[in-house]
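As structure tokens, the structure follows; a few thoughts come after it.
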Amino acid sequence: MAYQDDCKLPRRKFLQALVATPIALGMIDEDSKASLENKNTSRVPMLQVWADNSSSLVVVMGEPGWEFSAYSNPNLKVSLIKIDSLSGSGRVLYRLQVDGLSTASYSQIAVYDQRKKLIDVRSLKGLDLDLKLPKIAVISCANYRNLNSQWQMYSRLEEERPDLNLLIGDMVYSNSRASSVFGTPEVPGTALGRYVETWNLVNLYRLDPLIPSISVWDDHDYGTNNGDGSHPYKNEMKVIFRTFYPMPEYHARLSYGPGVAFRLRAFGLDLHMLDGRSFRENKNTQWGSQQESWFVQDFAASKNPAWIINGTQFFKYFFLSESVEKSATPSLRMLKKLLKSSGKPAALFSGDVHSSQVQELSEDIFGFKTFEVTSSAIHSSSVGNMMKRRTEEGQLFYYGKSNFILVNSELKNSTTMELSLSCATEAGTYPIATTPFRIQAA
């Protein structure tokens with residue numbers, strides 16, 4: 001089942017049309033600017049947004065007239081497949097198709113400026129989608145206004161070299177502080193400016209080697225704090241989001257749902273990345289009837305163990321935080337019914353709350369014991385111990401400063417999945433438990 005962009009204006013023309021709207025650049029505070037002294041400014045903003053065993057999509061933000069080629073690898077082919085103008089910024093986004101990659105060793109791509117001068121070389125490799133023990137980083141909440149810890153956090157990400165990054169929301173804070181307070185939607189031109197600002201300032205886009213990174217949005221990428229389906233610019237924001245964080249038009253491992261939702265089949269798992277914003281109706285639904293229908297059908301059609309990934313938390317752990325349980329109990333009932341009838345293990349992953357936790361979910365909820373793993377924030381405002389709870393309430397782990405969660409997933413058989421979890425912090429990476437978290441379907 002395929003779903004197309006709802007915006008009728010072609011992507012390139014839409015982005016060019018935003019020139020009539022002022023772009024909000026230079027909105028970073030002075031304390032955050034100081035941390036940029038550590039940034040490796042010799043690297044151009046770049047993200048490996050998709051990879052399989054031999055090919056990859058790479059997005060580069062730069063100036064008009066740049067060129068790209070393989071570097072010291074005659075078997076590598078680098079093709080330019082799209083250029084998007086970022087109106088008013090003087091920047092463009094280049095989308096590259098890279099073929100001839102290996103999963104065992106790195107290749108390099110070269111970047112040349114308008115004068116044919118070599119300005120950057122970056123390393124990347126293919127991703128073995130059949131890995132038996134993948135290492136996956138779950139990342140959310142990368143605020144370009146809060147960069148004081150970013151050097152340590154992205155250095156940690158480079159050191160850990162996960163096989164795959166799951167960017168699960170708030171990777172771009174595209175709405176202003178004022179609109180966050182008042183809940184007003186950001187106009188697309190201003191939001192686009194903050195996407196550009198984020199790629200200019202955040203070290204995620206200067207990693208070397210590159211790491212395959214697949215993305216779904218939450219409210220700040222979406223352009224309105226705690227946003228829902230009433231967002232008047234949601235179609236325009238989808239164009240912006242998928243311009244910076246595209247996916248292949250088609251791949252046998254992928255299934256696309258409404259909005260920005262998709263499912264990746266890899267590592268013996270089904271990774272369901274859900275769009276919790278485009279169709280949300282308070283007290284009624286988190287994902288909307290069309291997305292839920294797609295999700296239920298896709299989930300039930302596979303015997304693979306599953307990860308279910310949503311920007312906000314699934315359960316209500318703290319009275320101020322958004323959650324599916326708090327705002328959309330019918331959607332949570334749907335999820336409970338689906339998992340109870342599935343006969344396969346599933347784990348929940350979320351972000352949003354600027355603290356990380358592992359919550360044990362008892363057998364009576366889904367028919368088998370499982371866990372919700374919340375990973376937030378890699379760098380943003382920190383909540384400290386505000387959301388820390390007692391072990392007796394099921395919270396097995398908590399961390400309230402800059403961090404992200406690393407997951408080693410192992411399938412013991414079709415009904416048993418084990419998750420070995422670590423927390424990457426400014427000071428180092430530490431195991432969350434001495435033994436894996438086991439999820440065994442009923």
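Lettering and numbering for the structure tokens are positional, with chains as A, B, ... in the shown order, residues counted from 1 in each chain, and ligands counted from 1 in the shown order.
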- Message: Need to verify the contact set: Met387 (chain A), 12 Å, only C-alpha atoms, exclusion of same-chain residues closer than 3 positions in sequence. Can you return it as a PyMOL selection string?
- Response: chain A and resi 316-321+353-357+374+382-384+390+395+397-401
Store the residues picked out above in a file with N, CA, C and O atoms, as an mmCIF file, in the first residue's frame.
data_model
loop_
_atom_site.group_PDB
_atom_site.id
_atom_site.type_symbol
_atom_site.label_atom_id
_atom_site.label_comp_id
_atom_site.auth_asym_id
_atom_site.auth_seq_id
_atom_site.Cartn_x
_atom_site.Cartn_y
_atom_site.Cartn_z
ATOM 1 N N LYS A 316 1.700 6.991 30.381
ATOM 2 C CA LYS A 316 1.731 8.224 31.166
ATOM 3 C C LYS A 316 2.540 8.006 32.438
ATOM 4 O O LYS A 316 2.042 7.439 33.412
ATOM 5 N N TYR A 317 3.786 8.472 32.428
ATOM 6 C CA TYR A 317 4.666 8.310 33.584
ATOM 7 C C TYR A 317 4.794 9.593 34.395
ATOM 8 O O TYR A 317 5.118 9.545 35.569
ATOM 9 N N PHE A 318 4.576 10.745 33.748
ATOM 10 C CA PHE A 318 4.742 12.033 34.411
ATOM 11 C C PHE A 318 3.615 12.943 33.936
ATOM 12 O O PHE A 318 3.318 13.004 32.734
ATOM 13 N N PHE A 319 2.984 13.642 34.860
ATOM 14 C CA PHE A 319 1.724 14.324 34.542
ATOM 15 C C PHE A 319 1.873 15.420 33.488
ATOM 16 O O PHE A 319 0.909 15.756 32.799
ATOM 17 N N LEU A 320 3.067 15.999 33.318
ATOM 18 C CA LEU A 320 3.244 17.066 32.343
ATOM 19 C C LEU A 320 3.622 16.553 30.948
ATOM 20 O O LEU A 320 3.563 17.313 29.980
ATOM 21 N N SER A 321 4.009 15.308 30.843
ATOM 22 C CA SER A 321 4.528 14.780 29.581
ATOM 23 C C SER A 321 3.400 14.292 28.683
ATOM 24 O O SER A 321 2.382 13.759 29.155
ATOM 25 N N VAL A 353 11.017 13.504 26.085
ATOM 26 C CA VAL A 353 10.864 14.054 27.436
ATOM 27 C C VAL A 353 12.157 14.580 28.054
ATOM 28 O O VAL A 353 12.174 15.010 29.203
ATOM 29 N N HIS A 354 13.276 14.550 27.322
ATOM 30 C CA HIS A 354 14.568 15.074 27.786
ATOM 31 C C HIS A 354 15.094 14.323 28.998
ATOM 32 O O HIS A 354 15.807 14.871 29.835
ATOM 33 N N SER A 355 14.747 13.066 29.079
ATOM 34 C CA SER A 355 15.358 12.120 30.011
ATOM 35 C C SER A 355 15.151 10.735 29.434
ATOM 36 O O SER A 355 14.206 10.506 28.674
ATOM 37 N N SER A 356 16.053 9.819 29.781
ATOM 38 C CA SER A 356 15.939 8.453 29.275
ATOM 39 C C SER A 356 15.522 7.522 30.393
ATOM 40 O O SER A 356 15.850 7.740 31.571
ATOM 41 N N GLN A 357 14.803 6.463 30.019
ATOM 42 C CA GLN A 357 14.385 5.487 31.010
ATOM 43 C C GLN A 357 14.141 4.145 30.342
ATOM 44 O O GLN A 357 13.956 4.064 29.124
ATOM 45 N N THR A 374 12.838 4.736 26.513
ATOM 46 C CA THR A 374 12.790 6.143 26.141
ATOM 47 C C THR A 374 14.217 6.677 26.063
ATOM 48 O O THR A 374 14.980 6.529 27.016
ATOM 49 N N SER A 382 17.861 19.881 30.009
ATOM 50 C CA SER A 382 17.828 18.653 30.796
ATOM 51 C C SER A 382 16.855 18.798 31.956
ATOM 52 O O SER A 382 16.763 19.860 32.576
ATOM 53 N N VAL A 383 16.141 17.734 32.240
ATOM 54 C CA VAL A 383 15.161 17.776 33.323
ATOM 55 C C VAL A 383 15.724 17.253 34.639
ATOM 56 O O VAL A 383 15.030 17.256 35.649
ATOM 57 N N GLY A 384 16.982 16.804 34.650
ATOM 58 C CA GLY A 384 17.554 16.273 35.881
ATOM 59 C C GLY A 384 16.777 15.078 36.382
ATOM 60 O O GLY A 384 16.422 14.179 35.620
ATOM 61 N N ARG A 390 10.316 5.401 41.394
ATOM 62 C CA ARG A 390 10.778 4.243 42.154
ATOM 63 C C ARG A 390 10.811 2.976 41.298
ATOM 64 O O ARG A 390 9.996 2.809 40.387
ATOM 65 N N GLN A 395 10.165 1.483 36.825
ATOM 66 C CA GLN A 395 11.247 2.211 36.158
ATOM 67 C C GLN A 395 12.574 1.556 36.540
ATOM 68 O O GLN A 395 13.063 1.689 37.646
ATOM 69 N N PHE A 397 15.542 1.970 34.905
ATOM 70 C CA PHE A 397 16.713 2.818 34.620
ATOM 71 C C PHE A 397 16.230 4.226 34.356
ATOM 72 O O PHE A 397 15.141 4.436 33.815
ATOM 73 N N TYR A 398 17.075 5.217 34.748
ATOM 74 C CA TYR A 398 16.737 6.617 34.505
ATOM 75 C C TYR A 398 18.027 7.423 34.357
ATOM 76 O O TYR A 398 19.000 7.206 35.072
ATOM 77 N N TYR A 399 18.018 8.371 33.404
ATOM 78 C CA TYR A 399 19.130 9.322 33.257
ATOM 79 C C TYR A 399 18.572 10.633 32.728
ATOM 80 O O TYR A 399 17.880 10.632 31.706
ATOM 81 N N GLY A 400 18.864 11.743 33.414
ATOM 82 C CA GLY A 400 18.225 13.012 33.125
ATOM 83 C C GLY A 400 19.096 14.084 32.524
ATOM 84 O O GLY A 400 18.727 15.261 32.556
ATOM 85 N N LYS A 401 20.268 13.714 31.956
ATOM 86 C CA LYS A 401 21.122 14.680 31.283
ATOM 87 C C LYS A 401 21.355 14.225 29.847
ATOM 88 O O LYS A 401 20.778 13.243 29.407
#
Which residues come within 9 Å of region 276-278 of chain A, counting only C-alpha atoms, excluding same-chain residues fewer than 3 positions away, as a PDB file with N, CA and C atoms, in the first residue's frame?
ATOM      1  N   TRP A 217       9.414  12.145  12.505  1.00  0.00           N
ATOM      2  CA  TRP A 217       9.395  13.403  13.241  1.00  0.00           C
ATOM      3  C   TRP A 217       8.575  13.345  14.514  1.00  0.00           C
ATOM      4  N   ASP A 218       8.810  14.391  15.345  1.00  0.00           N
ATOM      5  CA  ASP A 218       7.923  14.688  16.464  1.00  0.00           C
ATOM      6  C   ASP A 218       7.546  16.163  16.365  1.00  0.00           C
ATOM      7  N   ASP A 219       7.061  16.757  17.453  1.00  0.00           N
ATOM      8  CA  ASP A 219       6.399  18.047  17.324  1.00  0.00           C
ATOM      9  C   ASP A 219       7.307  19.184  16.854  1.00  0.00           C
ATOM     10  N   TYR A 222       8.006  18.985  13.292  1.00  0.00           N
ATOM     11  CA  TYR A 222       6.688  19.208  12.685  1.00  0.00           C
ATOM     12  C   TYR A 222       6.318  20.697  12.632  1.00  0.00           C
ATOM     13  N   ASN A 226       3.720  20.275  20.714  1.00  0.00           N
ATOM     14  CA  ASN A 226       2.590  19.396  21.025  1.00  0.00           C
ATOM     15  C   ASN A 226       1.567  19.363  19.890  1.00  0.00           C
ATOM     16  N   GLY A 227       2.063  19.436  18.661  1.00  0.00           N
ATOM     17  CA  GLY A 227       1.203  19.586  17.496  1.00  0.00           C
ATOM     18  C   GLY A 227       0.335  18.374  17.216  1.00  0.00           C
ATOM     19  N   ASP A 228      -0.744  18.617  16.478  1.00  0.00           N
ATOM     20  CA  ASP A 228      -1.669  17.554  16.100  1.00  0.00           C
ATOM     21  C   ASP A 228      -2.085  17.724  14.642  1.00  0.00           C
ATOM     22  N   GLY A 229      -3.105  17.015  14.242  1.00  0.00           N
ATOM     23  CA  GLY A 229      -3.523  17.009  12.851  1.00  0.00           C
ATOM     24  C   GLY A 229      -4.113  18.310  12.359  1.00  0.00           C
ATOM     25  N   SER A 230      -4.338  19.272  13.249  1.00  0.00           N
ATOM     26  CA  SER A 230      -4.907  20.553  12.840  1.00  0.00           C
ATOM     27  C   SER A 230      -3.857  21.530  12.322  1.00  0.00           C
ATOM     28  N   HIS A 231      -2.585  21.145  12.334  1.00  0.00           N
ATOM     29  CA  HIS A 231      -1.501  22.024  11.865  1.00  0.00           C
ATOM     30  C   HIS A 231      -1.814  22.503  10.442  1.00  0.00           C
ATOM     31  N   LYS A 234       0.931  21.374   7.712  1.00  0.00           N
ATOM     32  CA  LYS A 234       1.552  20.066   7.877  1.00  0.00           C
ATOM     33  C   LYS A 234       2.028  19.469   6.557  1.00  0.00           C
ATOM     34  N   ASN A 235       1.340  19.728   5.468  1.00  0.00           N
ATOM     35  CA  ASN A 235       1.788  19.199   4.184  1.00  0.00           C
ATOM     36  C   ASN A 235       3.089  19.854   3.743  1.00  0.00           C
ATOM     37  N   PRO A 258       0.908   6.431   5.877  1.00  0.00           N
ATOM     38  CA  PRO A 258       0.530   7.840   5.737  1.00  0.00           C
ATOM     39  C   PRO A 258       1.498   8.755   6.488  1.00  0.00           C
ATOM     40  N   GLY A 259       1.516  10.022   6.094  1.00  0.00           N
ATOM     41  CA  GLY A 259       2.406  10.979   6.744  1.00  0.00           C
ATOM     42  C   GLY A 259       3.847  10.620   6.500  1.00  0.00           C
ATOM     43  N   VAL A 260       4.655  10.607   7.569  1.00  0.00           N
ATOM     44  CA  VAL A 260       6.071  10.239   7.440  1.00  0.00           C
ATOM     45  C   VAL A 260       6.341   8.846   7.997  1.00  0.00           C
ATOM     46  N   ALA A 261       5.291   8.052   8.214  1.00  0.00           N
ATOM     47  CA  ALA A 261       5.442   6.721   8.803  1.00  0.00           C
ATOM     48  C   ALA A 261       6.023   5.731   7.792  1.00  0.00           C
ATOM     49  N   GLU A 281      -5.516  13.469  17.135  1.00  0.00           N
ATOM     50  CA  GLU A 281      -6.671  14.211  17.618  1.00  0.00           C
ATOM     51  C   GLU A 281      -6.767  13.956  19.112  1.00  0.00           C
ATOM     52  N   GLN A 286      -3.970   8.834  18.239  1.00  0.00           N
ATOM     53  CA  GLN A 286      -2.583   9.277  18.119  1.00  0.00           C
ATOM     54  C   GLN A 286      -2.121   9.236  16.672  1.00  0.00           C
ATOM     55  N   TRP A 287      -2.536   8.220  15.940  1.00  0.00           N
ATOM     56  CA  TRP A 287      -1.978   7.968  14.619  1.00  0.00           C
ATOM     57  C   TRP A 287      -2.992   8.097  13.487  1.00  0.00           C
ATOM     58  N   GLY A 288      -4.260   8.239  13.792  1.00  0.00           N
ATOM     59  CA  GLY A 288      -5.278   8.367  12.763  1.00  0.00           C
ATOM     60  C   GLY A 288      -5.713   7.018  12.220  1.00  0.00           C
ATOM     61  N   ASN A 310       7.671   5.570  18.472  1.00  0.00           N
ATOM     62  CA  ASN A 310       6.827   6.761  18.429  1.00  0.00           C
ATOM     63  C   ASN A 310       7.589   7.908  19.068  1.00  0.00           C
ATOM     64  N   GLY A 311       7.376   9.131  18.583  1.00  0.00           N
ATOM     65  CA  GLY A 311       8.097  10.270  19.142  1.00  0.00           C
ATOM     66  C   GLY A 311       7.825  10.464  20.616  1.00  0.00           C
ATOM     67  N   THR A 312       6.552  10.466  21.011  1.00  0.00           N
ATOM     68  CA  THR A 312       6.198  10.629  22.419  1.00  0.00           C
ATOM     69  C   THR A 312       6.080   9.271  23.103  1.00  0.00           C
ATOM     70  N   VAL A 324       0.694   8.563  24.575  1.00  0.00           N
ATOM     71  CA  VAL A 324      -0.464   7.980  23.905  1.00  0.00           C
ATOM     72  C   VAL A 324      -1.568   7.713  24.922  1.00  0.00           C
TER      73      VAL A 324
END
- Query: Separation of CA of Thr329 (chain A) and CA of Gln313 (chain A), in Å?
  - Reply: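 CA of Thr329 (chain A) sits 12.7 Å away from CA of Gln313 (chain A).
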- Residue contacts of Ala137 (chain A) (8 Å, only C-alpha atoms) excluding same-chain residues fewer than 2 positions away, as a VMD selection string: chain A and resid 135 139 162 164 to 166 404 to 407
Since we have the selection now, will you write its residues out, keeping N, CA and C atoms, as a tab-separated table (two decimals), in the first residue's frame?
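Here's the written file selection_33.tsv:
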chain	number	residue	atom	x	y	z
A	135	LYS	N	23.88	-3.21	16.21
A	135	LYS	CA	24.04	-2.17	17.23
A	135	LYS	C	23.32	-0.92	16.71
A	139	ILE	N	17.98	7.97	19.02
A	139	ILE	CA	18.38	9.36	19.29
A	139	ILE	C	17.18	10.28	19.11
A	162	PRO	N	27.56	2.91	15.74
A	162	PRO	CA	26.44	1.98	15.58
A	162	PRO	C	26.24	1.64	14.11
A	164	LEU	N	23.30	1.52	12.79
A	164	LEU	CA	22.16	2.31	12.33
A	164	LEU	C	21.76	3.29	13.42
A	165	ASN	N	21.45	4.53	13.02
A	165	ASN	CA	20.82	5.50	13.91
A	165	ASN	C	19.33	5.56	13.63
A	166	LEU	N	18.52	5.49	14.68
A	166	LEU	CA	17.10	5.79	14.58
A	166	LEU	C	16.90	7.19	15.14
A	404	PHE	N	22.11	9.25	24.86
A	404	PHE	CA	21.30	8.47	23.94
A	404	PHE	C	21.47	7.00	24.30
A	405	ILE	N	20.51	6.18	23.88
A	405	ILE	CA	20.51	4.76	24.22
A	405	ILE	C	21.02	3.95	23.03
A	406	LEU	N	21.91	3.02	23.32
A	406	LEU	CA	22.42	2.06	22.34
A	406	LEU	C	21.79	0.70	22.62
A	407	VAL	N	21.35	0.03	21.55
A	407	VAL	CA	20.65	-1.25	21.69
A	407	VAL	C	21.35	-2.30	20.84
- Which polymer residues have any atom within 10 Å of an atom of region 341-345 of chain A, counting only C-alpha atoms, with same-chain residues fewer than 6 positions away left out, as a list in words?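 Surrounding residues, per the criterion: Phe299, Ala300, Ala301, Ser302, Lys303, Asn304, Pro305, Ala306, Trp307, Phe366, Gly367, Phe368, Lys369, Thr370, Leu411, Ser414, Thr415, Thr416, Met417, Glu418, Arg438, Ile439, Gln440, Ala441 and Ala442 of chain A.
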For the selection you just gave me, I'd like the residues written to a file as a short mmCIF file (atom, residue, chain, number, x, y, z; two decimals), in the first residue's frame, keeping N, CA and C atoms.
data_model
loop_
_atom_site.label_atom_id
_atom_site.label_comp_id
_atom_site.auth_asym_id
_atom_site.auth_seq_id
_atom_site.Cartn_x
_atom_site.Cartn_y
_atom_site.Cartn_z
N PHE A 299 1.75 -5.10 10.51
CA PHE A 299 2.22 -5.81 11.70
C PHE A 299 1.74 -7.25 11.69
N ALA A 300 0.48 -7.45 11.37
CA ALA A 300 -0.11 -8.78 11.43
C ALA A 300 0.37 -9.68 10.30
N ALA A 301 0.87 -9.10 9.21
CA ALA A 301 1.29 -9.88 8.05
C ALA A 301 2.66 -10.51 8.22
N SER A 302 3.37 -10.17 9.29
CA SER A 302 4.74 -10.66 9.49
C SER A 302 4.85 -11.38 10.83
N LYS A 303 5.70 -12.41 10.84
CA LYS A 303 5.97 -13.12 12.08
C LYS A 303 7.20 -12.58 12.79
N ASN A 304 7.83 -11.56 12.21
CA ASN A 304 9.05 -11.00 12.80
C ASN A 304 8.78 -10.31 14.13
N PRO A 305 9.66 -10.47 15.11
CA PRO A 305 9.61 -9.61 16.30
C PRO A 305 9.65 -8.15 15.88
N ALA A 306 9.06 -7.28 16.68
CA ALA A 306 8.86 -5.90 16.25
C ALA A 306 9.36 -4.90 17.27
N TRP A 307 9.85 -3.77 16.75
CA TRP A 307 10.04 -2.55 17.52
C TRP A 307 8.97 -1.57 17.06
N PHE A 366 0.03 -6.33 27.67
CA PHE A 366 0.08 -6.81 26.29
C PHE A 366 0.01 -8.33 26.17
N GLY A 367 -0.10 -9.02 27.28
CA GLY A 367 -0.12 -10.48 27.25
C GLY A 367 1.24 -11.11 27.45
N PHE A 368 2.29 -10.30 27.49
CA PHE A 368 3.65 -10.76 27.78
C PHE A 368 4.42 -9.56 28.35
N LYS A 369 5.42 -9.86 29.16
CA LYS A 369 6.22 -8.78 29.73
C LYS A 369 7.10 -8.16 28.65
N THR A 370 7.11 -6.83 28.60
CA THR A 370 7.97 -6.14 27.65
C THR A 370 8.46 -4.85 28.28
N LEU A 411 17.91 -12.08 18.47
CA LEU A 411 16.75 -12.96 18.41
C LEU A 411 17.16 -14.36 18.81
N SER A 414 11.84 -17.30 17.20
CA SER A 414 10.76 -16.46 16.68
C SER A 414 9.90 -15.84 17.77
N THR A 415 10.00 -16.36 19.00
CA THR A 415 9.16 -15.83 20.08
C THR A 415 9.96 -15.14 21.17
N THR A 416 11.27 -15.07 21.04
CA THR A 416 12.09 -14.50 22.10
C THR A 416 13.10 -13.50 21.53
N MET A 417 13.07 -12.28 22.06
CA MET A 417 13.99 -11.22 21.67
C MET A 417 14.70 -10.72 22.93
N GLU A 418 16.01 -10.48 22.81
CA GLU A 418 16.77 -9.92 23.91
C GLU A 418 17.39 -8.59 23.50
N ARG A 438 14.87 -9.49 28.37
CA ARG A 438 14.28 -10.55 27.56
C ARG A 438 12.79 -10.30 27.36
N ILE A 439 12.34 -10.43 26.11
CA ILE A 439 10.92 -10.27 25.76
C ILE A 439 10.48 -11.57 25.09
N GLN A 440 9.56 -12.27 25.71
CA GLN A 440 9.13 -13.57 25.21
C GLN A 440 7.62 -13.54 25.02
N ALA A 441 7.20 -13.72 23.78
CA ALA A 441 5.79 -13.67 23.47
C ALA A 441 5.04 -14.81 24.16
N ALA A 442 3.76 -14.56 24.40
CA ALA A 442 2.94 -15.59 25.05
C ALA A 442 2.74 -16.78 24.14
#
- region 21-140 of chain A: which residues are strand (DSSP E) by DSSP, as a PyMOL selection string? chain A and resi 46-51+55-62+67-71+77-86+91-99+107-112+118-124+135-139
For the residues selected in the previous step, produce a file with C-alpha atoms as a CSV table (one decimal), in the first residue's frame.
chain,number,residue,atom,x,y,z
A,46,MET,CA,26.2,15.7,5.4
A,47,LEU,CA,24.0,12.8,6.5
A,48,GLN,CA,23.8,9.2,5.3
A,49,VAL,CA,20.1,8.9,5.4
A,50,TRP,CA,19.7,5.3,4.1
A,51,ALA,CA,21.9,2.3,3.3
A,55,SER,CA,24.0,1.4,-1.9
A,56,SER,CA,23.2,4.5,0.1
A,57,LEU,CA,21.4,7.8,0.0
A,58,VAL,CA,23.4,10.8,1.2
A,59,VAL,CA,22.3,14.4,1.7
A,60,VAL,CA,24.8,17.3,1.6
A,61,MET,CA,24.0,20.9,2.4
A,62,GLY,CA,26.3,23.3,0.5
A,67,GLU,CA,30.4,18.4,-7.4
A,68,PHE,CA,30.9,15.0,-5.9
A,69,SER,CA,32.8,11.8,-6.9
A,70,ALA,CA,34.2,8.6,-5.6
A,71,TYR,CA,37.6,9.0,-3.8
A,77,LYS,CA,29.7,5.3,-8.2
A,78,VAL,CA,28.4,8.6,-6.9
A,79,SER,CA,25.4,10.0,-8.7
A,80,LEU,CA,23.6,13.3,-8.2
A,81,ILE,CA,19.9,12.6,-8.2
A,82,LYS,CA,18.4,15.9,-6.9
A,83,ILE,CA,19.2,19.5,-6.0
A,84,ASP,CA,16.8,21.5,-3.8
A,85,SER,CA,17.3,25.2,-3.4
A,86,LEU,CA,16.8,26.5,0.2
A,91,ARG,CA,22.4,27.1,0.4
A,92,VAL,CA,21.2,24.0,-1.5
A,93,LEU,CA,20.6,20.4,-0.6
A,94,TYR,CA,22.2,17.8,-2.8
A,95,ARG,CA,20.8,14.3,-2.8
A,96,LEU,CA,23.4,11.6,-3.8
A,97,GLN,CA,23.0,8.0,-4.8
A,98,VAL,CA,26.1,6.0,-3.8
A,99,ASP,CA,26.5,2.5,-5.4
A,107,SER,CA,34.8,3.9,0.9
A,108,GLN,CA,35.1,7.6,0.5
A,109,ILE,CA,33.2,10.3,-1.4
A,110,ALA,CA,34.8,13.6,-2.3
A,111,VAL,CA,33.3,17.1,-2.3
A,112,TYR,CA,34.5,19.8,-4.7
A,118,LEU,CA,38.6,19.5,-2.9
A,119,ILE,CA,36.9,20.7,0.3
A,120,ASP,CA,35.9,17.4,2.0
A,121,VAL,CA,36.3,13.7,2.0
A,122,ARG,CA,33.9,11.5,4.0
A,123,SER,CA,33.9,7.8,4.7
A,124,LEU,CA,30.8,5.5,4.5
A,135,LYS,CA,24.0,-2.2,17.2
A,136,ILE,CA,21.4,0.5,17.0
A,137,ALA,CA,21.5,4.1,18.4
A,138,VAL,CA,18.1,5.6,19.4
A,139,ILE,CA,18.4,9.4,19.3
- Query: What's the 12 Å shell around Arg333 (chain A), counting only C-alpha atoms, without same-chain residues fewer than 5 positions away, as a PyMOL selection string?
  - Reply: chain A and resi 284-286+292+314-315+324-325+328+338-340+365-366
- Query: Per DSSP on the backbone, what are the helix (DSSP H, G or I) residues of region 130-307 of chain A, as number ranges by chain?
  - Reply: A: 150-160, 177-182, 188-201, 203-206, 219-222, 234-244, 289-300
Which polymer residues have any atom within 7 Å of an atom of Ser380 (chain A), counting only C-alpha atoms, with same-chain residues fewer than 2 positions away left out, as a PDB file with N, CA, C and O atoms, in the first residue's frame?
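File part_18.pdb, as written:
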ATOM      1  N   CYS A 141      15.793  14.637  20.168  1.00  0.00           N
ATOM      2  CA  CYS A 141      15.932  15.935  20.832  1.00  0.00           C
ATOM      3  C   CYS A 141      17.338  16.515  20.713  1.00  0.00           C
ATOM      4  O   CYS A 141      18.119  16.517  21.655  1.00  0.00           O
ATOM      5  N   ALA A 142      17.638  17.025  19.506  1.00  0.00           N
ATOM      6  CA  ALA A 142      18.927  17.660  19.206  1.00  0.00           C
ATOM      7  C   ALA A 142      18.670  19.143  18.962  1.00  0.00           C
ATOM      8  O   ALA A 142      18.469  19.570  17.833  1.00  0.00           O
ATOM      9  N   ASN A 143      18.684  19.927  20.033  1.00  0.00           N
ATOM     10  CA  ASN A 143      18.298  21.334  19.956  1.00  0.00           C
ATOM     11  C   ASN A 143      19.485  22.193  19.558  1.00  0.00           C
ATOM     12  O   ASN A 143      20.482  22.270  20.290  1.00  0.00           O
ATOM     13  N   ASN A 146      20.931  24.520  22.156  1.00  0.00           N
ATOM     14  CA  ASN A 146      21.599  23.948  23.326  1.00  0.00           C
ATOM     15  C   ASN A 146      22.725  23.036  22.871  1.00  0.00           C
ATOM     16  O   ASN A 146      22.545  21.823  22.745  1.00  0.00           O
ATOM     17  N   ALA A 377      17.593  13.357  26.073  1.00  0.00           N
ATOM     18  CA  ALA A 377      17.838  14.068  24.831  1.00  0.00           C
ATOM     19  C   ALA A 377      19.339  14.020  24.560  1.00  0.00           C
ATOM     20  O   ALA A 377      20.134  14.088  25.482  1.00  0.00           O
ATOM     21  N   ILE A 378      19.730  13.924  23.270  1.00  0.00           N
ATOM     22  CA  ILE A 378      21.158  13.901  22.972  1.00  0.00           C
ATOM     23  C   ILE A 378      21.789  15.241  23.307  1.00  0.00           C
ATOM     24  O   ILE A 378      22.905  15.306  23.797  1.00  0.00           O
ATOM     25  N   SER A 382      17.861  19.881  30.009  1.00  0.00           N
ATOM     26  CA  SER A 382      17.828  18.653  30.796  1.00  0.00           C
ATOM     27  C   SER A 382      16.855  18.798  31.956  1.00  0.00           C
ATOM     28  O   SER A 382      16.763  19.860  32.576  1.00  0.00           O
TER      29      SER A 382
END
- Rank A:Ile309, A:Phe437, A:Asn385, A:Gly428 by their smallest atom-to-atom distance to Leu361 (chain A), using only C-alpha atoms, and report the top residue only. A:Phe437
- Message: Considering only C-alpha atoms, can you say which of A:Ala266, A:Ala252, A:Leu207, A:Val373 comes closest to Glu360 (chain A)?
- Response: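 Ranking A:Ala266, A:Ala252, A:Leu207, A:Val373 by distance to Glu360 (chain A), first place goes to A:Val373.
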- Which is closer to Pro330 (chain A) than all the others in A:Thr224, A:Asn203, A:Asn282, A:Gln114, using only C-alpha atoms? A:Asn282
- Task: Report the distance between CA of His251 (chain A) and CA of Asp163 (chain A) in Å, rounded to one decimal place.
- Result: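 Value for the CA of His251 (chain A)-CA of Asp163 (chain A) distance: 18.7 Å.
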